[in-house]
$ cat coords.txt   # compact mmCIF, C-alpha atoms
# COMPACT_ATOMS: atom_id res chain seq x y z
CA MET E 1 2.57 -24.93 -3.45
CA ARG E 2 4.57 -24.64 -0.25
CA LEU E 3 3.76 -21.71 2.01
CA ARG E 4 5.97 -20.58 4.84
CA TYR E 5 5.53 -17.75 7.35
CA VAL E 6 8.75 -15.78 7.76
CA ALA E 7 8.64 -12.24 9.12
CA PRO E 8 12.05 -10.75 10.00
CA SER E 9 10.59 -7.35 10.86
CA VAL E 10 7.65 -8.82 12.76
CA THR E 11 8.62 -11.23 15.53
CA ALA E 12 5.89 -13.55 16.75
CA ILE E 13 6.03 -13.55 20.53
CA ALA E 14 3.41 -16.08 21.49
CA VAL E 15 0.22 -17.84 20.57
CA LEU E 16 -1.44 -18.09 23.95
CA LEU E 17 -4.73 -19.42 25.26
CA ALA E 18 -7.89 -19.99 23.28
CA ALA E 19 -10.26 -17.19 24.18
CA GLY E 20 -13.99 -16.64 24.08
CA CYS E 21 -16.81 -18.96 23.13
CA GLY E 22 -16.98 -20.87 19.89
CA SER E 23 -19.46 -19.84 17.23
CA THR E 24 -21.24 -21.81 14.56
CA THR E 25 -20.28 -21.95 10.88
CA ASP E 26 -22.79 -21.69 8.05
CA SER E 27 -22.87 -25.50 7.95
CA GLY E 28 -23.93 -25.63 11.59
CA VAL E 29 -20.61 -27.04 12.78
CA ALA E 30 -19.16 -25.39 15.87
CA ALA E 31 -16.28 -23.12 14.88
CA ALA E 32 -13.00 -23.13 16.75
CA PRO E 33 -12.76 -20.38 19.37
CA ALA E 34 -10.52 -17.45 18.60
CA LYS E 35 -6.93 -17.65 19.84
CA ASN E 36 -4.95 -14.97 21.59
CA VAL E 37 -2.06 -14.01 19.33
CA THR E 38 0.65 -11.50 20.20
CA VAL E 39 3.27 -10.17 17.79
CA THR E 40 5.88 -7.46 18.13
CA VAL E 41 6.17 -5.15 15.15
CA GLU E 42 9.49 -3.39 14.65
CA GLY E 43 9.05 0.32 15.30
CA ALA E 44 5.51 -0.11 16.64
CA GLY E 45 5.71 -2.54 19.56
CA PRO E 46 3.39 -5.37 20.62
CA VAL E 47 0.00 -6.04 19.05
CA THR E 48 -2.38 -8.54 20.60
CA THR E 49 -5.77 -10.03 19.86
CA ASP E 50 -8.93 -8.02 20.40
CA PRO E 51 -11.64 -10.57 21.35
CA ARG E 52 -14.40 -8.41 19.90
CA LEU E 53 -12.67 -8.17 16.53
CA ALA E 54 -11.67 -11.83 16.60
CA SER E 55 -15.31 -12.81 16.99
CA THR E 56 -16.04 -11.31 13.54
CA VAL E 57 -13.63 -13.65 11.72
CA PRO E 58 -15.52 -16.20 9.57
CA GLY E 59 -15.62 -19.61 11.25
CA ASP E 60 -13.71 -21.49 8.56
CA VAL E 61 -10.82 -19.03 8.70
CA ARG E 62 -10.82 -19.02 12.48
CA ALA E 63 -10.60 -22.81 12.43
CA LYS E 64 -7.48 -22.64 10.24
CA GLY E 65 -5.95 -20.01 12.47
CA THR E 66 -3.88 -18.66 9.57
CA VAL E 67 -4.47 -16.56 6.48
CA THR E 68 -2.31 -17.25 3.42
CA VAL E 69 -1.15 -14.19 1.51
CA ALA E 70 0.36 -14.12 -1.97
CA THR E 71 2.70 -11.29 -2.88
CA ASN E 72 5.25 -10.29 -5.48
CA ALA E 73 8.55 -8.93 -4.19
CA PRO E 74 10.49 -6.76 -4.48
CA TYR E 75 8.28 -3.68 -4.52
CA GLN E 76 9.62 -1.40 -1.81
CA PRO E 77 8.52 -0.15 0.62
CA PHE E 78 5.46 -2.40 0.51
CA ILE E 79 7.19 -5.75 0.18
CA ASP E 80 10.77 -6.93 -0.22
CA PHE E 81 12.88 -10.01 0.31
CA ALA E 82 14.38 -10.15 3.78
CA ALA E 83 17.68 -11.59 2.59
CA GLU E 84 19.50 -11.78 -0.73
CA GLY E 85 19.09 -15.11 -2.45
CA ARG E 86 15.91 -16.11 -0.63
CA THR E 87 12.38 -15.89 -1.96
CA ASP E 88 10.55 -17.29 1.06
CA ALA E 89 11.39 -14.59 3.59
CA PHE E 90 9.88 -11.11 3.42
CA LYS E 91 9.86 -7.69 5.01
CA GLY E 92 8.02 -4.45 4.32
CA LEU E 93 5.11 -2.19 5.08
CA ASP E 94 2.42 -4.57 3.83
CA LEU E 95 3.82 -7.50 5.76
CA ASP E 96 3.89 -5.51 9.00
CA LEU E 97 0.39 -4.09 8.58
CA LEU E 98 -1.19 -7.42 7.64
CA THR E 99 0.61 -9.31 10.40
CA ALA E 100 -0.51 -6.74 12.98
CA ALA E 101 -4.10 -6.78 11.68
CA SER E 102 -4.11 -10.59 11.75
CA ALA E 103 -2.92 -10.57 15.36
CA LYS E 104 -5.86 -8.29 16.24
CA LEU E 105 -8.09 -10.98 14.74
CA GLY E 106 -6.39 -13.90 16.49
CA LEU E 107 -4.74 -15.13 13.29
CA ALA E 108 -1.23 -15.84 12.03
CA THR E 109 -0.17 -14.83 8.51
CA THR E 110 1.77 -16.81 5.89
CA PHE E 111 3.31 -15.06 2.85
CA SER E 112 4.45 -16.65 -0.41
CA GLN E 113 6.06 -15.28 -3.57
CA GLN E 114 3.99 -15.44 -6.75
CA PRO E 115 4.23 -13.83 -10.23
CA PHE E 116 2.47 -10.47 -10.17
CA ASP E 117 0.22 -11.37 -13.11
CA GLY E 118 -0.78 -14.54 -11.26
CA LEU E 119 -1.99 -12.86 -8.07
CA ILE E 120 -5.57 -12.18 -9.17
CA PRO E 121 -6.02 -15.53 -10.99
CA GLY E 122 -4.61 -17.37 -7.99
CA LEU E 123 -6.98 -15.54 -5.67
CA GLN E 124 -9.86 -16.45 -7.96
CA ALA E 125 -8.77 -20.09 -7.83
CA ALA E 126 -8.74 -19.90 -4.01
CA LYS E 127 -5.04 -20.81 -3.80
CA TYR E 128 -4.66 -18.25 -1.02
CA ASP E 129 -6.83 -16.02 1.13
CA ALA E 130 -5.45 -12.59 0.23
CA ILE E 131 -3.00 -10.69 -1.97
CA ALA E 132 -0.71 -7.83 -0.95
CA GLY E 133 2.29 -5.82 -2.07
CA GLY E 134 1.39 -2.24 -2.97
CA ILE E 135 -1.50 -3.37 -5.17
CA THR E 136 -3.67 -0.59 -6.58
CA ASP E 137 -7.39 -0.91 -5.97
CA LYS E 138 -8.74 -0.70 -9.54
CA LYS E 139 -12.36 -1.03 -10.63
CA GLU E 140 -11.55 -3.69 -13.21
CA ARG E 141 -10.15 -5.89 -10.42
CA HIS E 142 -13.48 -5.75 -8.59
CA GLN E 143 -14.77 -8.43 -10.92
CA VAL E 144 -12.77 -10.91 -8.86
CA ALA E 145 -11.57 -9.17 -5.71
CA THR E 146 -12.67 -6.82 -2.98
CA PHE E 147 -10.00 -4.50 -1.59
CA VAL E 148 -9.45 -3.21 1.90
CA ASP E 149 -7.83 0.15 1.17
CA TYR E 150 -5.10 0.91 3.69
CA SER E 151 -3.21 3.75 1.98
CA ALA E 152 -3.45 6.05 -1.01
CA SER E 153 -0.76 7.39 -3.26
CA GLY E 154 -1.07 9.77 -6.14
CA THR E 155 1.31 12.02 -8.02
CA GLY E 156 3.75 14.06 -6.00
CA PHE E 157 5.81 17.04 -7.17
CA LEU E 158 9.48 17.47 -6.40
CA VAL E 159 10.98 20.96 -6.57
CA ARG E 160 14.36 22.49 -5.79
CA THR E 161 14.94 23.35 -2.15
CA GLY E 162 13.21 26.59 -1.22
CA ASN E 163 10.60 26.04 -3.95
CA PRO E 164 11.77 29.04 -6.04
CA GLN E 165 8.76 28.83 -8.39
CA GLY E 166 6.25 28.78 -5.51
CA ILE E 167 4.60 25.57 -6.68
CA LYS E 168 1.93 24.46 -4.20
CA THR E 169 -0.70 22.63 -6.28
CA VAL E 170 -1.01 21.15 -9.74
CA ALA E 171 -2.53 24.45 -10.92
CA ASP E 172 0.83 26.15 -10.28
CA LEU E 173 2.42 23.94 -12.94
CA CYS E 174 0.69 25.80 -15.76
CA GLY E 175 3.38 27.55 -17.78
CA ARG E 176 6.13 25.49 -16.10
CA LYS E 177 8.52 22.79 -17.28
CA VAL E 178 7.75 19.48 -15.59
CA ALA E 179 9.95 16.40 -15.92
CA ALA E 180 8.35 12.94 -15.82
CA GLN E 181 9.19 9.40 -16.81
CA LYS E 182 8.34 8.55 -20.41
CA ALA E 183 4.94 6.87 -20.91
CA SER E 184 4.12 7.23 -17.20
CA ASN E 185 0.67 8.03 -15.82
CA GLN E 186 2.12 11.34 -14.64
CA ALA E 187 3.10 12.37 -18.18
CA LYS E 188 -0.31 11.35 -19.49
CA HIS E 189 -2.33 12.99 -16.72
CA LEU E 190 -0.36 16.24 -16.84
CA ALA E 191 -0.85 16.50 -20.59
CA GLU E 192 -4.59 16.00 -20.11
CA TYR E 193 -4.72 18.53 -17.27
CA SER E 194 -2.75 21.07 -19.30
CA ALA E 195 -5.12 20.80 -22.25
CA GLN E 196 -8.18 21.15 -20.04
CA SER E 197 -7.05 23.70 -17.46
CA CYS E 198 -4.00 25.71 -18.50
CA ALA E 199 -5.36 27.61 -21.52
CA ALA E 200 -2.59 29.82 -22.98
CA ARG E 201 -0.04 28.69 -20.37
CA PRO E 202 0.39 24.97 -21.08
CA ILE E 203 2.54 22.67 -19.02
CA ALA E 204 5.72 21.73 -20.87
CA VAL E 205 5.91 18.03 -20.02
CA GLN E 206 9.47 16.79 -20.52
CA GLU E 207 9.68 13.00 -20.72
CA TYR E 208 12.79 11.05 -19.72
CA PRO E 209 13.50 7.31 -20.08
CA GLU E 210 13.86 6.81 -16.32
CA ASN E 211 12.76 8.75 -13.26
CA PRO E 212 16.34 9.42 -11.99
CA GLN E 213 17.00 11.32 -15.22
CA ALA E 214 13.93 13.49 -14.58
CA VAL E 215 15.30 14.27 -11.12
CA GLN E 216 18.68 15.20 -12.58
CA ALA E 217 16.95 17.57 -15.00
CA LEU E 218 15.40 19.33 -12.00
CA LEU E 219 18.69 19.56 -10.12
CA ALA E 220 20.42 20.91 -13.24
CA GLY E 221 17.82 23.66 -13.60
CA ASN E 222 16.33 22.24 -16.78
CA ALA E 223 12.93 21.63 -15.20
CA ASP E 224 10.83 23.42 -12.61
CA ALA E 225 9.43 20.26 -11.05
CA VAL E 226 9.42 16.47 -11.26
CA ALA E 227 6.13 14.57 -11.31
CA ALA E 228 6.20 10.98 -10.07
CA THR E 229 4.33 8.75 -7.66
CA GLN E 230 4.42 10.37 -4.23
CA VAL E 231 5.52 7.19 -2.50
CA ASN E 232 8.64 7.03 -4.68
CA LEU E 233 9.39 10.73 -4.32
CA THR E 234 9.20 10.36 -0.54
CA ASP E 235 12.11 7.91 -0.75
CA ILE E 236 14.02 10.05 -3.26
CA THR E 237 13.68 13.22 -1.18
CA ALA E 238 15.38 11.55 1.77
CA GLY E 239 18.56 11.28 -0.29
CA LEU E 240 18.41 14.82 -1.67
CA SER E 241 18.58 16.82 1.54
CA GLY E 242 19.46 20.43 0.76
CA LYS E 243 18.85 19.94 -2.95
CA ALA E 244 15.16 19.18 -3.42
CA GLU E 245 11.92 18.96 -1.45
CA LEU E 246 8.48 17.46 -1.87
CA VAL E 247 5.60 19.87 -2.38
CA GLN E 248 3.06 19.62 0.46
CA ASP E 249 -0.50 20.27 -0.72
CA PRO E 250 -2.80 20.27 2.35
CA GLY E 251 -5.80 19.78 0.08
CA GLN E 252 -4.38 16.55 -1.36
CA PRO E 253 -2.19 15.00 1.33
CA ASN E 254 -1.94 11.70 -0.52
CA GLY E 255 -0.92 13.32 -3.79
CA TRP E 256 -2.70 14.49 -6.92
CA ARG E 257 -5.23 11.98 -8.28
CA ALA E 258 -4.47 9.61 -5.43
CA SER E 259 -5.50 5.99 -5.94
CA PRO E 260 -5.91 3.65 -2.98
CA ASN E 261 -3.64 0.67 -2.38
CA GLY E 262 -5.45 -2.33 -0.96
CA PHE E 263 -5.22 -5.82 0.43
CA GLY E 264 -7.24 -7.99 -1.93
CA PHE E 265 -9.67 -10.71 -0.84
CA LEU E 266 -11.90 -12.90 -2.97
CA LYS E 267 -15.07 -11.02 -3.89
CA SER E 268 -17.19 -13.76 -2.30
CA ARG E 269 -15.27 -13.30 1.00
CA LYS E 270 -16.47 -9.83 1.89
CA ASP E 271 -16.94 -11.19 5.42
CA LEU E 272 -13.19 -11.73 5.74
CA ALA E 273 -12.44 -8.39 4.09
CA GLU E 274 -14.71 -6.61 6.57
CA ALA E 275 -12.95 -8.28 9.50
CA TYR E 276 -9.62 -6.95 8.20
CA ARG E 277 -11.06 -3.50 7.54
CA ALA E 278 -12.14 -3.30 11.18
CA ALA E 279 -8.79 -4.63 12.41
CA LEU E 280 -6.84 -2.10 10.36
CA GLN E 281 -9.09 0.70 11.58
CA ALA E 282 -8.32 -0.41 15.13
CA LEU E 283 -4.61 -0.09 14.31
CA VAL E 284 -5.29 3.45 13.02
CA ASP E 285 -7.22 4.35 16.16
CA ASP E 286 -4.63 3.04 18.63
CA GLY E 287 -1.66 4.62 16.82
CA THR E 288 0.02 1.39 15.66
CA TYR E 289 -0.74 2.15 12.01
CA ALA E 290 0.97 5.54 12.19
CA LYS E 291 4.03 4.02 13.84
CA ILE E 292 4.34 1.36 11.12
CA LEU E 293 4.08 3.93 8.33
CA ALA E 294 6.59 6.17 10.11
CA HIS E 295 9.01 3.25 10.36
CA TYR E 296 9.02 3.14 6.56
CA GLN E 297 8.86 6.94 6.21
CA GLN E 298 5.52 6.65 4.42
CA GLN E 299 3.36 9.07 6.40
CA PRO E 300 2.32 10.86 3.15
CA ILE E 301 0.30 7.82 2.03
CA ALA E 302 -1.61 7.44 5.32
CA LEU E 303 -5.39 7.32 5.62
CA THR E 304 -7.46 8.27 8.65
CA THR E 305 -10.32 5.93 7.68
CA ILE E 306 -9.85 2.43 6.29
CA THR E 307 -12.24 1.87 3.41
CA VAL E 308 -13.31 -0.89 1.01
CA ASP E 309 -13.33 -0.79 -2.81
CA GLN E 310 -12.78 2.94 -3.23
CA ALA E 311 -10.98 2.72 -6.59
CA ILE E 312 -11.05 5.93 -8.61
CA ASP E 313 -10.51 4.29 -12.02
$ encode --input "coords.txt" --output "structure tokens"
Amino acid sequence: MRLRYVAPSVTAIAVLLAAGCGSTTDSGVAAAPAKNVTVTVEGAGPVTTDPRLASTVPGDVRAKGTVTVATNAPYQPFIDFAAEGRTDAFKGLDLDLLTAASAKLGLATTFSQQPFDGLIPGLQAAKYDAIAGGITDKKERHQVATFVDYSASGTGFLVRTGNPQGIKTVADLCGRKVAAQKASNQAKHLAEYSAQSCAARPIAVQEYPENPQAVQALLAGNADAVAATQVNLTDITAGLSGKAELVQDPGQPNGWRASPNGFGFLKSRKDLAEAYRAALQALVDDGTYAKILAHYQQQPIALTTITVDQAID
């Protein structure tokens, strides 16, 4: 398998001097010292190595100087091909975040395209160090992987501009007509919620073959709201200025029943996962994380604390 590092939205500026003292690997062999790596992230600016964080990188990974990441594009805004006709050049939110976190750790990052259903098996076979691309942290995946959760996205609700029905939370959907994609988690979860919580005022869940048809039902006045993943509705809302708006629920800023998205590492490499958790938290603390999410208009999926293995189902 050939791996190539291509990052159109993240331009590597320099790999500078080796920094700090070498450490010792578990085998007793002196590990290579951490390198100083600087990258410039579009919309966020330069990111450079933090020696303290770099010292936490496992010795074998530090010796390689690069982490290999498998992904499956396109899945916007997380990962996409940088140019039509090429499958070895990428762009996207996940690429930018991982490249910036790697720079904090004194590492470069190499991405390669893989089938989505092969990501977990390939990780288990140690074909690469990590997996990325808007991957949901699910409990069943913990058998093989540990996830550094860097965002969370649940169900969002789209309403007509001005919110004429006054919908603020999922509870306000009782007695309303809600459009959703057929066989989606949103349709399933709303039906369950309605049966458990809406008593004599059930939610009338209207299922459509595709999400754009659900949106059209809203705009035509045939539905009071659209339920879909918040990350997708954020993109849709941008193109519906003056026609529709996304409901903002302060109590659930990442959406209803939000599940975390994570970067997956082999379960036995919790040491590497922890190094990336700390690096991503540093990006949150210094404002780089917020700038990267803003560049992709994905502030609604932001976290204030980077966590590990916080799957909800």
$ closest_atom_pairs --input "coords.txt" --of "range 49-80 of chain E" --to "range 256-264 of chain E" --cutoff "12 Å" --atoms "all atoms listed in the file" --output "Markdown table"
| residue | atom | partner | partner_atom | distance |
| --- | --- | --- | --- | --- |
| E:Thr68 | CA | E:Gly264 | CA | 11.8 |
| E:Val69 | CA | E:Gly264 | CA | 9.3 |
| E:Ala70 | CA | E:Gly264 | CA | 9.8 |
| E:Thr71 | CA | E:Phe263 | CA | 10.2 |
| E:Phe78 | CA | E:Asn261 | CA | 10.0 |
$ closest_residue --input "coords.txt" --among "E:Thr307, E:Asp88, E:Ala200, E:Val159" --to "Gln216 in chain E" --atoms "all atoms listed in the file"
E:Val159
$ closest_residue --input "coords.txt" --among "E:Lys64, E:Arg52, E:Lys182, E:Arg141" --to "Lys267 in chain E" --atoms "only C-alpha atoms"
E:Arg141
$ residues_around --input "coords.txt" --residues "range 99-105 of chain E" --least-positions-apart "4" --cutoff "7 Å" --atoms "only C-alpha atoms" --output "ChimeraX atom specification"
/E:37-39,47-50,53-54,57,95,109,276,279-280
$ atom_distance --input "coords.txt" --atom1 "CA of Ser153 in chain E" --atom2 "CA of Ile301 in chain E"
5.4 Å
$ closest_atom_pairs --input "coords.txt" --of "range 94-206 of chain E" --to "range 219-228 of chain E" --cutoff "9 Å" --atoms "only C-alpha atoms" --output "CSV"
residue,atom,partner,partner_atom,distance
E:Gly154,CA,E:Ala228,CA,8.4
E:Thr155,CA,E:Ala228,CA,5.4
E:Gly156,CA,E:Ala228,CA,5.7
E:Phe157,CA,E:Ala227,CA,4.8
E:Leu158,CA,E:Val226,CA,5.0
E:Val159,CA,E:Ala225,CA,4.8
E:Arg160,CA,E:Leu219,CA,6.8
E:Pro164,CA,E:Asp224,CA,8.7
E:Gln165,CA,E:Asp224,CA,7.2
E:Ile167,CA,E:Ala225,CA,8.4
E:Leu173,CA,E:Ala225,CA,8.1
E:Arg176,CA,E:Asp224,CA,6.2
E:Lys177,CA,E:Ala223,CA,5.0
E:Val178,CA,E:Ala225,CA,4.9
E:Ala179,CA,E:Val226,CA,4.7
E:Ala180,CA,E:Ala227,CA,5.3
E:Gln181,CA,E:Ala228,CA,7.5
E:Ser184,CA,E:Ala228,CA,8.3
E:Asn185,CA,E:Ala228,CA,8.5
E:Gln186,CA,E:Ala227,CA,6.1
E:Ala187,CA,E:Ala227,CA,7.8
E:Leu190,CA,E:Ala227,CA,8.7
E:Gln206,CA,E:Ala223,CA,8.0
$ atom_distance --input "coords.txt" --atom1 "CA of Gln114 in chain E" --atom2 "CA of Lys138 in chain E"
19.7 Å
$ atom_distance --input "coords.txt" --atom1 "CA of Glu140 in chain E" --atom2 "CA of Thr229 in chain E"
20.9 Å
$ closest_residue --input "coords.txt" --among "E:Val205, E:Lys139, E:Arg277, E:Thr161" --to "Leu240 in chain E" --atoms "all atoms listed in the file"
E:Thr161
$ decode --input "coords.txt" --residues "range 203-222 of chain E" --atoms "N, CA, C and O atoms" --output "CSV table (one decimal), in the first residue's frame"
chain,number,residue,atom,x,y,z
E,203,ILE,N,-45.9,13.3,17.6
E,203,ILE,CA,-45.2,13.9,16.5
E,203,ILE,C,-45.6,13.2,15.2
E,203,ILE,O,-45.5,12.0,15.2
E,204,ALA,N,-46.0,14.0,14.2
E,204,ALA,CA,-46.3,13.3,12.9
E,204,ALA,C,-45.0,13.3,12.1
E,204,ALA,O,-44.7,14.3,11.5
E,205,VAL,N,-44.3,12.2,12.2
E,205,VAL,CA,-43.1,12.1,11.4
E,205,VAL,C,-43.4,11.7,10.0
E,205,VAL,O,-44.0,10.7,9.7
E,206,GLN,N,-43.0,12.7,9.1
E,206,GLN,CA,-43.2,12.5,7.6
E,206,GLN,C,-41.9,12.1,7.0
E,206,GLN,O,-40.9,12.9,7.0
E,207,GLU,N,-41.8,10.9,6.4
E,207,GLU,CA,-40.6,10.4,5.9
E,207,GLU,C,-40.5,10.6,4.4
E,207,GLU,O,-41.5,10.4,3.6
E,208,TYR,N,-39.3,11.1,3.9
E,208,TYR,CA,-39.1,11.3,2.5
E,208,TYR,C,-37.9,10.6,2.0
E,208,TYR,O,-37.0,10.3,2.8
E,209,PRO,N,-37.8,10.2,0.7
E,209,PRO,CA,-36.7,9.4,0.3
E,209,PRO,C,-35.3,10.0,0.5
E,209,PRO,O,-34.4,9.3,0.8
E,210,GLU,N,-35.3,11.3,0.3
E,210,GLU,CA,-34.0,12.0,0.4
E,210,GLU,C,-34.2,13.3,1.3
E,210,GLU,O,-35.3,13.9,1.3
E,211,ASN,N,-33.1,13.7,2.0
E,211,ASN,CA,-33.2,14.9,2.8
E,211,ASN,C,-33.7,16.2,2.1
E,211,ASN,O,-34.4,17.0,2.6
E,212,PRO,N,-33.2,16.4,0.8
E,212,PRO,CA,-33.6,17.6,0.1
E,212,PRO,C,-35.2,17.7,0.0
E,212,PRO,O,-35.7,18.8,0.0
E,213,GLN,N,-35.8,16.5,-0.2
E,213,GLN,CA,-37.3,16.5,-0.3
E,213,GLN,C,-37.9,16.9,1.0
E,213,GLN,O,-39.0,17.5,1.0
E,214,ALA,N,-37.3,16.5,2.1
E,214,ALA,CA,-37.8,16.9,3.4
E,214,ALA,C,-37.7,18.4,3.6
E,214,ALA,O,-38.6,19.1,4.1
E,215,VAL,N,-36.6,19.0,3.1
E,215,VAL,CA,-36.4,20.5,3.2
E,215,VAL,C,-37.5,21.2,2.4
E,215,VAL,O,-38.1,22.2,2.8
E,216,GLN,N,-37.7,20.6,1.2
E,216,GLN,CA,-38.8,21.2,0.3
E,216,GLN,C,-40.1,21.2,0.9
E,216,GLN,O,-40.9,22.1,0.7
E,217,ALA,N,-40.4,20.1,1.7
E,217,ALA,CA,-41.7,20.0,2.3
E,217,ALA,C,-41.8,21.1,3.4
E,217,ALA,O,-42.9,21.7,3.5
E,218,LEU,N,-40.8,21.5,4.1
E,218,LEU,CA,-40.8,22.6,5.0
E,218,LEU,C,-41.0,23.9,4.3
E,218,LEU,O,-41.9,24.7,4.7
E,219,LEU,N,-40.3,24.1,3.3
E,219,LEU,CA,-40.4,25.4,2.5
E,219,LEU,C,-41.8,25.6,1.9
E,219,LEU,O,-42.3,26.7,1.8
E,220,ALA,N,-42.4,24.5,1.6
E,220,ALA,CA,-43.7,24.5,1.0
E,220,ALA,C,-44.9,24.6,2.0
E,220,ALA,O,-46.0,24.8,1.7
E,221,GLY,N,-44.5,24.6,3.3
E,221,GLY,CA,-45.5,24.7,4.3
E,221,GLY,C,-46.2,23.4,4.7
E,221,GLY,O,-47.2,23.4,5.4
E,222,ASN,N,-45.6,22.3,4.2
E,222,ASN,CA,-46.2,20.9,4.5
E,222,ASN,C,-45.6,20.3,5.7
E,222,ASN,O,-46.0,19.2,6.1
